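Below is one structure, written out as structure tokens, with a few remarks after it.
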Amino acid sequence: MSDALPASRLTLPAPAKLNRMLHITGRRADGYHELQTLFQFLDHGDTLHLAPRDDGKIRLTPGIAGVAPEENLIVRAARRLQAESGCPLGADIHLEKRLPMGGGLGGGSSDAATTLLGLDALWRLGLTLERLAALGLALGADVPVFVHGHAAWAEGIGERLTPVTLDTPWFVVVHPGIEVATPAVFRAPELTRHTPPITMARALQGGASSWRNDCEATVRALYPPVAAALDWLSERAPTMLTGTGACVFARLATEEQADRLLAEIGGRWKAFKARGLNRSPLHDVLDR
Ligand SMILES: C[C@@](CO)(OP(=O)(O)O)[C@H](O)COP(=O)(O)OP(=O)(O)OC[C@H]1O[C@@H](n2ccc(N)nc2=O)[C@H](O)[C@@H]1O
Ligand SMILES: Nc1ncnc2c1ncn2[C@@H]1O[C@H](COP(=O)(O)OP(=O)(O)O)[C@@H](O)[C@H]1O
């Protein structure tokens, strides 16, 4: 690490993720659920602007309503990196938030991963992706896939990752206007939690038309607005829930079809179109 304050500043993407399929295969002794899931990134997400400070302070602007600064995953990621590396530098971080919270798009986890990789570069720490992913896992199960930056087959609670190359269709992502509480979904007695494990090869061989999300029936029952969005979109294109919701996504072959679907949605819900990506745009910018 250099003693001088690095002069550079970075503007970096924090992309959304989709769970293209999600099976729940069991429950661990600590209550966490074992998953098998396919993660893919989207070319849509938050943007972080990072600049180093020489006084060790971590300053985030603007704050997120309802999330205390010290609870914000960006601040927590920066502090963990300081503790792990002993780096005396701080950072000014400006967040352009586009991803809905509690949407199943992994916005908070992606913000944390972008903070880890961005500050590693700005503070010239040179930590490996493995070490950054291990730091990130303590912040959330979805952080490691954003740190590694490749679409992945994930097992365990989402931390055992194997890179994969998936189809890259267009998606229309709809936010049904409510926030889903992940713990409430995993607590539900009727949740499908014992799907027999399958191999990655079998999951990939089946392709998108065979993929499903084990959380869907429970989320439909607990959150009628999610069920309404799934029903409406399913009549127009193959549609799934991402993570534990609340967002749902329709899969389209072309951008024109995505535009037509967005036009039909009109003001009914907040929605955006995005392309599936097998490599995170964060890693393209940082060249990692
Ligand atoms: C299931 C996924 C798939 O991507 O859903 P989304 O959050 O993306 O919707 C994620 O792995 C979610 O990970 P993450 O968002 O970090 O979960 P947390 O907030 O830590 O989990 C909140 C609570 O949900 C339960 N939980 C979460 C993940 C898991 N594999 N098993 C669980 O039982 C636990 O009770 C945990 O305390
Ligand atoms: N930087 C952040 N962005 C979003 N959510 C955050 C952030 N920091 C902490 N959180 C908390 O994490 C929760 C999950 O947010 P998020 O990751 O966006 O949703 P999901 O896990 O459903 O994809 C939020 O409800 C919020 O309380």
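Residue numbering restarts at 1 for every chain of the structure tokens, chains are lettered A, B, ... in their displayed order, and ligands are numbered from 1 as they appear.
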Practice problem: Report the residues of stretch 31-264 of chain A whose backbone DSSP state falls under helix (DSSP H, G or I), written as a ChimeraX atom specification. | Solution: /A:69-71,73-85,107-122,129-137,143-148,182-187,200-206,208-210,216-222,224-234,255-264
Quiz prompt | Polymer residues at most 12 Å from stretch 191-201 of chain A, only C-alpha atoms, same-chain spacing of 2 or more positions, as a ChimeraX atom specification | solution = /A:21-28,31-38,152-156,161-165,183-189,203-207,212-222,244
Could those selected residues go to a file with N, CA and C atoms, as a compact mmCIF listing (two decimals), in the first residue's frame?
```txt
# COMPACT_ATOMS: atom_id res chain seq x y z
N MET A 21 -33.08 -19.89 -11.81
CA MET A 21 -33.86 -20.97 -11.16
C MET A 21 -33.42 -20.99 -9.70
N LEU A 22 -34.29 -21.53 -8.84
CA LEU A 22 -33.92 -21.61 -7.42
C LEU A 22 -34.64 -22.80 -6.79
N HIS A 23 -33.84 -23.76 -6.30
CA HIS A 23 -34.40 -24.89 -5.56
C HIS A 23 -33.95 -24.80 -4.11
N ILE A 24 -34.82 -25.18 -3.21
CA ILE A 24 -34.45 -25.27 -1.79
C ILE A 24 -34.34 -26.76 -1.46
N THR A 25 -33.15 -27.18 -1.08
CA THR A 25 -32.90 -28.63 -0.97
C THR A 25 -32.80 -29.10 0.48
N GLY A 26 -32.85 -28.19 1.43
CA GLY A 26 -32.79 -28.63 2.83
C GLY A 26 -32.61 -27.46 3.76
N ARG A 27 -32.54 -27.80 5.04
CA ARG A 27 -32.42 -26.76 6.07
C ARG A 27 -31.27 -27.16 6.98
N ARG A 28 -30.35 -26.22 7.25
CA ARG A 28 -29.22 -26.52 8.10
C ARG A 28 -29.63 -26.42 9.59
N GLY A 31 -30.80 -23.17 10.89
CA GLY A 31 -32.04 -22.61 10.35
C GLY A 31 -31.92 -22.09 8.93
N TYR A 32 -30.70 -21.82 8.48
CA TYR A 32 -30.51 -21.36 7.09
C TYR A 32 -30.85 -22.48 6.11
N HIS A 33 -31.32 -22.10 4.94
CA HIS A 33 -31.75 -23.09 3.95
C HIS A 33 -30.66 -23.32 2.90
N GLU A 34 -30.52 -24.58 2.53
CA GLU A 34 -29.57 -24.96 1.46
C GLU A 34 -30.26 -24.73 0.13
N LEU A 35 -29.55 -24.08 -0.78
CA LEU A 35 -30.13 -23.73 -2.09
C LEU A 35 -29.35 -24.36 -3.23
N GLN A 36 -29.99 -24.48 -4.36
CA GLN A 36 -29.31 -24.66 -5.65
C GLN A 36 -29.90 -23.58 -6.55
N THR A 37 -29.05 -22.71 -7.06
CA THR A 37 -29.58 -21.59 -7.84
C THR A 37 -28.63 -21.21 -8.96
N LEU A 38 -29.18 -20.63 -10.02
CA LEU A 38 -28.38 -20.07 -11.11
C LEU A 38 -28.49 -18.56 -11.03
N ALA A 152 -23.24 -17.87 -12.26
CA ALA A 152 -22.78 -19.04 -11.52
C ALA A 152 -23.92 -19.95 -11.10
N TRP A 153 -23.57 -21.23 -10.99
CA TRP A 153 -24.37 -22.24 -10.29
C TRP A 153 -23.93 -22.14 -8.84
N ALA A 154 -24.88 -21.93 -7.95
CA ALA A 154 -24.52 -21.74 -6.54
C ALA A 154 -25.20 -22.78 -5.67
N GLU A 155 -24.45 -23.28 -4.70
CA GLU A 155 -24.98 -24.24 -3.73
C GLU A 155 -24.64 -23.77 -2.33
N GLY A 156 -25.02 -24.58 -1.33
CA GLY A 156 -24.86 -24.14 0.06
C GLY A 156 -25.92 -23.08 0.32
N LEU A 161 -19.67 -21.59 -5.48
CA LEU A 161 -19.98 -21.08 -6.82
C LEU A 161 -19.20 -21.80 -7.90
N THR A 162 -19.88 -22.15 -8.97
CA THR A 162 -19.23 -22.67 -10.16
C THR A 162 -19.62 -21.77 -11.32
N PRO A 163 -18.65 -21.15 -12.03
CA PRO A 163 -19.02 -20.26 -13.14
C PRO A 163 -19.74 -21.02 -14.25
N VAL A 164 -20.76 -20.41 -14.82
CA VAL A 164 -21.49 -21.01 -15.94
C VAL A 164 -21.74 -19.94 -17.00
N THR A 165 -22.06 -20.41 -18.20
CA THR A 165 -22.46 -19.50 -19.26
C THR A 165 -23.91 -19.82 -19.61
N PRO A 183 -36.90 -13.23 5.49
CA PRO A 183 -37.11 -14.16 6.61
C PRO A 183 -38.53 -14.71 6.66
N ALA A 184 -39.53 -13.89 6.29
CA ALA A 184 -40.92 -14.35 6.34
C ALA A 184 -41.14 -15.51 5.37
N VAL A 185 -40.49 -15.44 4.22
CA VAL A 185 -40.64 -16.51 3.22
C VAL A 185 -40.00 -17.79 3.76
N PHE A 186 -38.78 -17.66 4.30
CA PHE A 186 -38.08 -18.86 4.77
C PHE A 186 -38.71 -19.45 6.04
N ARG A 187 -39.49 -18.64 6.77
CA ARG A 187 -40.18 -19.12 7.99
C ARG A 187 -41.47 -19.86 7.67
N ALA A 188 -42.04 -19.62 6.49
CA ALA A 188 -43.38 -20.14 6.18
C ALA A 188 -43.40 -21.67 6.25
N PRO A 189 -44.36 -22.23 7.03
CA PRO A 189 -44.40 -23.68 7.18
C PRO A 189 -44.59 -24.41 5.86
N ALA A 203 -29.35 -29.34 -14.48
CA ALA A 203 -30.04 -28.04 -14.46
C ALA A 203 -29.80 -27.28 -15.77
N LEU A 204 -28.54 -27.31 -16.23
CA LEU A 204 -28.21 -26.56 -17.45
C LEU A 204 -28.82 -27.21 -18.68
N GLN A 205 -28.82 -28.56 -18.68
CA GLN A 205 -29.35 -29.30 -19.83
C GLN A 205 -30.83 -29.00 -20.03
N GLY A 206 -31.58 -28.87 -18.93
CA GLY A 206 -33.02 -28.61 -19.03
C GLY A 206 -33.32 -27.27 -19.71
N GLY A 207 -32.45 -26.28 -19.49
CA GLY A 207 -32.65 -24.97 -20.11
C GLY A 207 -33.76 -24.17 -19.45
N ARG A 212 -37.54 -23.30 -12.44
CA ARG A 212 -38.60 -22.77 -11.56
C ARG A 212 -37.97 -22.25 -10.28
N ASN A 213 -38.77 -21.59 -9.48
CA ASN A 213 -38.32 -21.03 -8.20
C ASN A 213 -39.20 -21.62 -7.10
N ASP A 214 -38.56 -22.37 -6.17
CA ASP A 214 -39.32 -23.03 -5.10
C ASP A 214 -40.02 -22.05 -4.16
N CYS A 215 -39.61 -20.79 -4.16
CA CYS A 215 -40.24 -19.80 -3.27
C CYS A 215 -41.58 -19.30 -3.83
N GLU A 216 -41.84 -19.59 -5.12
CA GLU A 216 -42.95 -18.89 -5.78
C GLU A 216 -44.32 -19.12 -5.12
N ALA A 217 -44.64 -20.39 -4.81
CA ALA A 217 -45.99 -20.67 -4.27
C ALA A 217 -46.18 -19.94 -2.93
N THR A 218 -45.15 -19.94 -2.10
CA THR A 218 -45.25 -19.29 -0.79
C THR A 218 -45.36 -17.78 -0.94
N VAL A 219 -44.54 -17.21 -1.83
CA VAL A 219 -44.57 -15.75 -2.02
C VAL A 219 -45.92 -15.33 -2.62
N ARG A 220 -46.44 -16.12 -3.54
CA ARG A 220 -47.79 -15.84 -4.10
C ARG A 220 -48.83 -15.77 -2.99
N ALA A 221 -48.76 -16.77 -2.08
CA ALA A 221 -49.78 -16.84 -1.03
C ALA A 221 -49.64 -15.68 -0.04
N LEU A 222 -48.41 -15.32 0.30
CA LEU A 222 -48.19 -14.27 1.31
C LEU A 222 -48.37 -12.87 0.73
N THR A 244 -36.42 -14.29 -3.37
CA THR A 244 -37.67 -14.39 -2.62
C THR A 244 -38.63 -13.27 -3.03
```
Quiz prompt | Long-range neighbours of A:Gly149 as a PyMOL selection string, 9 Å cut-off, only C-alpha atoms, 2 positions minimum in chain | solution = chain A and resi 41+144-147+151-152+278-283+288
Restricting it to N, CA and C atoms, dump the selection as a PDB file, in the first residue's frame.
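Below you can see out35.pdb, which holds the result:
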```
ATOM      1  N   PHE A  41     -26.294 -11.819 -14.077  1.00  0.00           N
ATOM      2  CA  PHE A  41     -26.326 -10.363 -13.873  1.00  0.00           C
ATOM      3  C   PHE A  41     -27.193  -9.700 -14.935  1.00  0.00           C
ATOM      4  N   PRO A 144     -20.800 -12.921  -2.489  1.00  0.00           N
ATOM      5  CA  PRO A 144     -19.687 -13.555  -3.225  1.00  0.00           C
ATOM      6  C   PRO A 144     -19.868 -13.620  -4.749  1.00  0.00           C
ATOM      7  N   VAL A 145     -21.078 -13.870  -5.225  1.00  0.00           N
ATOM      8  CA  VAL A 145     -21.243 -13.976  -6.685  1.00  0.00           C
ATOM      9  C   VAL A 145     -20.968 -12.623  -7.347  1.00  0.00           C
ATOM     10  N   PHE A 146     -21.339 -11.536  -6.668  1.00  0.00           N
ATOM     11  CA  PHE A 146     -21.043 -10.209  -7.225  1.00  0.00           C
ATOM     12  C   PHE A 146     -19.548  -9.911  -7.163  1.00  0.00           C
ATOM     13  N   VAL A 147     -18.846 -10.444  -6.157  1.00  0.00           N
ATOM     14  CA  VAL A 147     -17.400 -10.235  -6.053  1.00  0.00           C
ATOM     15  C   VAL A 147     -16.689 -11.006  -7.171  1.00  0.00           C
ATOM     16  N   ALA A 151     -21.569 -15.237 -13.974  1.00  0.00           N
ATOM     17  CA  ALA A 151     -22.801 -16.009 -13.773  1.00  0.00           C
ATOM     18  C   ALA A 151     -22.405 -17.346 -13.174  1.00  0.00           C
ATOM     19  N   ALA A 152     -23.244 -17.869 -12.263  1.00  0.00           N
ATOM     20  CA  ALA A 152     -22.782 -19.039 -11.517  1.00  0.00           C
ATOM     21  C   ALA A 152     -23.919 -19.951 -11.097  1.00  0.00           C
ATOM     22  N   ASN A 278     -23.378 -12.602 -18.559  1.00  0.00           N
ATOM     23  CA  ASN A 278     -22.620 -13.653 -17.869  1.00  0.00           C
ATOM     24  C   ASN A 278     -21.381 -13.114 -17.165  1.00  0.00           C
ATOM     25  N   ARG A 279     -20.950 -11.897 -17.533  1.00  0.00           N
ATOM     26  CA  ARG A 279     -19.836 -11.265 -16.826  1.00  0.00           C
ATOM     27  C   ARG A 279     -20.345  -9.948 -16.260  1.00  0.00           C
ATOM     28  N   SER A 280     -19.990  -9.680 -15.002  1.00  0.00           N
ATOM     29  CA  SER A 280     -20.462  -8.454 -14.364  1.00  0.00           C
ATOM     30  C   SER A 280     -19.821  -7.235 -15.021  1.00  0.00           C
ATOM     31  N   PRO A 281     -20.601  -6.184 -15.275  1.00  0.00           N
ATOM     32  CA  PRO A 281     -20.031  -4.946 -15.837  1.00  0.00           C
ATOM     33  C   PRO A 281     -19.009  -4.319 -14.890  1.00  0.00           C
ATOM     34  N   LEU A 282     -19.106  -4.622 -13.594  1.00  0.00           N
ATOM     35  CA  LEU A 282     -18.121  -4.117 -12.627  1.00  0.00           C
ATOM     36  C   LEU A 282     -16.723  -4.617 -12.983  1.00  0.00           C
ATOM     37  N   HIS A 283     -16.647  -5.904 -13.357  1.00  0.00           N
ATOM     38  CA  HIS A 283     -15.347  -6.506 -13.660  1.00  0.00           C
ATOM     39  C   HIS A 283     -14.799  -6.015 -14.983  1.00  0.00           C
ATOM     40  N   ARG A 288     -10.866  -6.941 -13.891  1.00  0.00           N
ATOM     41  CA  ARG A 288     -10.411  -8.005 -12.985  1.00  0.00           C
ATOM     42  C   ARG A 288     -10.848  -9.363 -13.505  1.00  0.00           C
TER      43      ARG A 288
END
```
Quiz item: Could you name the residues that touch stretch 109-111 of chain A at 7 Å or less, counting only C-alpha atoms, but leaving out those on the same chain fewer than 4 positions away, as a list in words?
Solution: Ala14, Pro15, Ala16, Ile74, Thr115, Gly140, Asp142, Val143 and Phe146 of chain A
With C-alpha atoms retained, export the selected residues as a PDB file, in the first residue's frame.
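And here's result.pdb as it stands now:
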```pdb
ATOM      1  CA  ALA A  14     -23.424  -2.353  -9.005  1.00  0.00           C
ATOM      2  CA  PRO A  15     -25.509  -4.571 -11.291  1.00  0.00           C
ATOM      3  CA  ALA A  16     -28.694  -6.411 -10.383  1.00  0.00           C
ATOM      4  CA  ILE A  74     -21.860  -0.123   1.713  1.00  0.00           C
ATOM      5  CA  THR A 115     -17.581  -1.164  -2.462  1.00  0.00           C
ATOM      6  CA  GLY A 140     -24.829 -11.493   2.917  1.00  0.00           C
ATOM      7  CA  ASP A 142     -25.383 -13.094  -2.306  1.00  0.00           C
ATOM      8  CA  VAL A 143     -22.252 -10.934  -2.000  1.00  0.00           C
ATOM      9  CA  PHE A 146     -21.043 -10.209  -7.225  1.00  0.00           C
TER      10      PHE A 146
END
```
Quiz prompt | Spatial neighbours of A:Cys87, max dist 10 Å, only C-alpha atoms, sep filter under 3 positions, as a ChimeraX atom specification | solution = /A:1,3,56,79,81-84,90,120,123-125
Exercise. Residues within 6 Å of ligand 2 should be enumerated using only C-alpha atoms and all ligand atoms and returned as a list in words.
Key: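 Within the 6 Å cut-off, the matching residues are Val67, Glu71, Asn72, Leu73, Ile74, Pro100, Met101, Gly102, Gly103, Gly104, Leu105, Gly106, Gly107, Gly108, Ser109 and Asp111 of chain A.
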Write out the residues from the selection above, keeping N, CA and C atoms, as a PDB file, in the first residue's frame.
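Writing done, so here's out.pdb:
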```
ATOM      1  N   VAL A  67     -32.754   2.901   6.450  1.00  0.00           N
ATOM      2  CA  VAL A  67     -31.544   2.124   6.717  1.00  0.00           C
ATOM      3  C   VAL A  67     -30.532   3.050   7.404  1.00  0.00           C
ATOM      4  N   GLU A  71     -25.809   0.593   9.332  1.00  0.00           N
ATOM      5  CA  GLU A  71     -26.407  -0.675   8.870  1.00  0.00           C
ATOM      6  C   GLU A  71     -26.270  -0.840   7.362  1.00  0.00           C
ATOM      7  N   ASN A  72     -25.983   0.275   6.684  1.00  0.00           N
ATOM      8  CA  ASN A  72     -25.925   0.211   5.224  1.00  0.00           C
ATOM      9  C   ASN A  72     -24.798  -0.729   4.794  1.00  0.00           C
ATOM     10  N   LEU A  73     -25.111  -1.632   3.879  1.00  0.00           N
ATOM     11  CA  LEU A  73     -24.131  -2.647   3.470  1.00  0.00           C
ATOM     12  C   LEU A  73     -22.889  -2.025   2.846  1.00  0.00           C
ATOM     13  N   ILE A  74     -23.021  -0.824   2.286  1.00  0.00           N
ATOM     14  CA  ILE A  74     -21.860  -0.123   1.713  1.00  0.00           C
ATOM     15  C   ILE A  74     -20.891   0.274   2.828  1.00  0.00           C
ATOM     16  N   PRO A 100     -34.796  -1.491  -6.551  1.00  0.00           N
ATOM     17  CA  PRO A 100     -35.714  -1.484  -5.401  1.00  0.00           C
ATOM     18  C   PRO A 100     -35.166  -2.356  -4.278  1.00  0.00           C
ATOM     19  N   MET A 101     -35.411  -1.964  -3.040  1.00  0.00           N
ATOM     20  CA  MET A 101     -34.936  -2.753  -1.905  1.00  0.00           C
ATOM     21  C   MET A 101     -35.911  -3.894  -1.620  1.00  0.00           C
ATOM     22  N   GLY A 102     -35.367  -5.002  -1.181  1.00  0.00           N
ATOM     23  CA  GLY A 102     -36.221  -6.150  -0.914  1.00  0.00           C
ATOM     24  C   GLY A 102     -36.875  -6.637  -2.188  1.00  0.00           C
ATOM     25  N   GLY A 103     -36.180  -6.471  -3.293  1.00  0.00           N
ATOM     26  CA  GLY A 103     -36.770  -6.824  -4.578  1.00  0.00           C
ATOM     27  C   GLY A 103     -36.301  -8.163  -5.128  1.00  0.00           C
ATOM     28  N   GLY A 104     -35.337  -8.793  -4.452  1.00  0.00           N
ATOM     29  CA  GLY A 104     -34.793 -10.048  -4.979  1.00  0.00           C
ATOM     30  C   GLY A 104     -33.794  -9.817  -6.100  1.00  0.00           C
ATOM     31  N   LEU A 105     -33.399  -8.533  -6.279  1.00  0.00           N
ATOM     32  CA  LEU A 105     -32.422  -8.201  -7.331  1.00  0.00           C
ATOM     33  C   LEU A 105     -31.010  -8.061  -6.760  1.00  0.00           C
ATOM     34  N   GLY A 106     -30.883  -8.244  -5.453  1.00  0.00           N
ATOM     35  CA  GLY A 106     -29.557  -8.262  -4.824  1.00  0.00           C
ATOM     36  C   GLY A 106     -28.879  -6.908  -4.755  1.00  0.00           C
ATOM     37  N   GLY A 107     -29.658  -5.831  -4.758  1.00  0.00           N
ATOM     38  CA  GLY A 107     -29.072  -4.490  -4.797  1.00  0.00           C
ATOM     39  C   GLY A 107     -28.106  -4.210  -3.650  1.00  0.00           C
ATOM     40  N   GLY A 108     -28.508  -4.533  -2.444  1.00  0.00           N
ATOM     41  CA  GLY A 108     -27.652  -4.272  -1.284  1.00  0.00           C
ATOM     42  C   GLY A 108     -26.364  -5.086  -1.365  1.00  0.00           C
ATOM     43  N   SER A 109     -26.487  -6.348  -1.759  1.00  0.00           N
ATOM     44  CA  SER A 109     -25.317  -7.226  -1.879  1.00  0.00           C
ATOM     45  C   SER A 109     -24.385  -6.730  -2.977  1.00  0.00           C
ATOM     46  N   ASP A 111     -24.151  -3.593  -4.075  1.00  0.00           N
ATOM     47  CA  ASP A 111     -23.511  -2.365  -3.574  1.00  0.00           C
ATOM     48  C   ASP A 111     -22.311  -2.732  -2.699  1.00  0.00           C
TER      49      ASP A 111
END
```
Quiz item: Using only C-alpha atoms and all ligand atoms, which of A:Ile157, A:Cys247, A:Leu262, A:Ala112 sits nearest ligand 1?
Solution: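 Counting only C-alpha atoms and all ligand atoms, the residue closest to ligand 1 is A:Ile157.
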Practice problem: Check stretch 30-152 of chain A with DSSP on the backbone and list each residue it calls strand (DSSP E or B), as an MDAnalysis selection string. | Solution: chainID A and resid 33:53 58:61 64 67 90:96 150 152
Where does stretch 114-203 of chain A meet stretch 253-260 of chain A within 9 Å, residue by residue, with the nearest atom pair and distance in Å to one decimal for each, counting only C-alpha atoms, listed by chain and rising number, as CSV?
```
residue,atom,partner,partner_atom,distance
A:Thr168,CA,A:Ala253,CA,9.0
A:Pro169,CA,A:Ala253,CA,5.6
A:Trp170,CA,A:Thr254,CA,6.1
A:Phe171,CA,A:Ala258,CA,6.7
A:Val172,CA,A:Ala258,CA,6.1
```
Next, dump the selected residues to file, keeping only C-alpha atoms, as an mmCIF file, in the first residue's frame.
```cif
data_model
loop_
_atom_site.group_PDB
_atom_site.id
_atom_site.type_symbol
_atom_site.label_atom_id
_atom_site.label_comp_id
_atom_site.auth_asym_id
_atom_site.auth_seq_id
_atom_site.Cartn_x
_atom_site.Cartn_y
_atom_site.Cartn_z
ATOM 1 C CA THR A 168 -28.562 -14.003 -22.487
ATOM 2 C CA PRO A 169 -32.124 -13.028 -23.374
ATOM 3 C CA TRP A 170 -33.838 -9.720 -22.742
ATOM 4 C CA PHE A 171 -35.845 -9.415 -19.574
ATOM 5 C CA VAL A 172 -38.641 -7.167 -18.447
#
```
Quiz item: Between A:Leu95, A:Val174, A:Leu18, A:Leu48, which one has atoms that come closest to A:Gly267, using only C-alpha atoms?
Solution: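 The shortest atom-to-atom distance to A:Gly267 comes from A:Val174.
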So that I can see what lies close to A:Arg76, please list as a compact mmCIF listing (two decimals) with N, CA and C atoms, in the first residue's frame the residues with an atom at most 9 Å from it, counting only C-alpha atoms and leaving out residues fewer than 6 positions away in the same chain.
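Just written: selection_38.txt:
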```txt
# COMPACT_ATOMS: atom_id res chain seq x y z
N PRO A 69 -27.12 4.60 8.68
CA PRO A 69 -25.84 4.58 7.96
C PRO A 69 -24.95 3.40 8.36
N GLU A 70 -24.88 3.11 9.66
CA GLU A 70 -23.98 2.03 10.09
C GLU A 70 -24.51 0.65 9.68
N ALA A 112 -22.48 -3.75 -1.86
CA ALA A 112 -21.39 -4.16 -0.95
C ALA A 112 -20.20 -4.69 -1.76
N LEU A 139 -21.42 -10.45 5.09
CA LEU A 139 -22.41 -9.37 4.95
C LEU A 139 -23.71 -9.89 4.33
```
Self-check item: 8 Å contact set for A:Lys97, only C-alpha atoms, chain neighbours under 4 positions out, as JSON, numbers by chain
Solution: {"A": [45, 46, 47]}
Those same residues, written as a PDB file, in the first residue's frame with N, CA and C atoms?
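Saved as part.pdb:
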```pdb
ATOM      1  N   GLY A  45     -28.576  -1.400 -12.890  1.00  0.00           N
ATOM      2  CA  GLY A  45     -28.286  -1.467 -11.462  1.00  0.00           C
ATOM      3  C   GLY A  45     -27.999  -0.106 -10.867  1.00  0.00           C
ATOM      4  N   ASP A  46     -27.379  -0.129  -9.687  1.00  0.00           N
ATOM      5  CA  ASP A  46     -26.989   1.102  -8.997  1.00  0.00           C
ATOM      6  C   ASP A  46     -25.639   1.564  -9.539  1.00  0.00           C
ATOM      7  N   THR A  47     -25.274   2.822  -9.213  1.00  0.00           N
ATOM      8  CA  THR A  47     -23.941   3.336  -9.545  1.00  0.00           C
ATOM      9  C   THR A  47     -23.319   3.902  -8.269  1.00  0.00           C
TER      10      THR A  47
END
```
Self-check item: Nearest candidate to A:Glu159 (options A:Ala91, A:Ile265, A:Ala78, A:Ala141; using only C-alpha atoms)
Solution: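 The answer is A:Ala141, which sits nearest to A:Glu159.
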Self-check item: Shortest interatomic distance to A:Ala181 - which of A:Leu12, A:Leu261, A:Ala68, A:Ala246, counting only C-alpha atoms
Solution: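 For A:Ala181, the nearest of the candidates is A:Ala246.
The smallest atom-to-atom distance between ligand 1 and any of A:Leu60, A:Leu127, A:Leu42, A:Val180, using only C-alpha atoms and all ligand atoms, is found for A:Val180.
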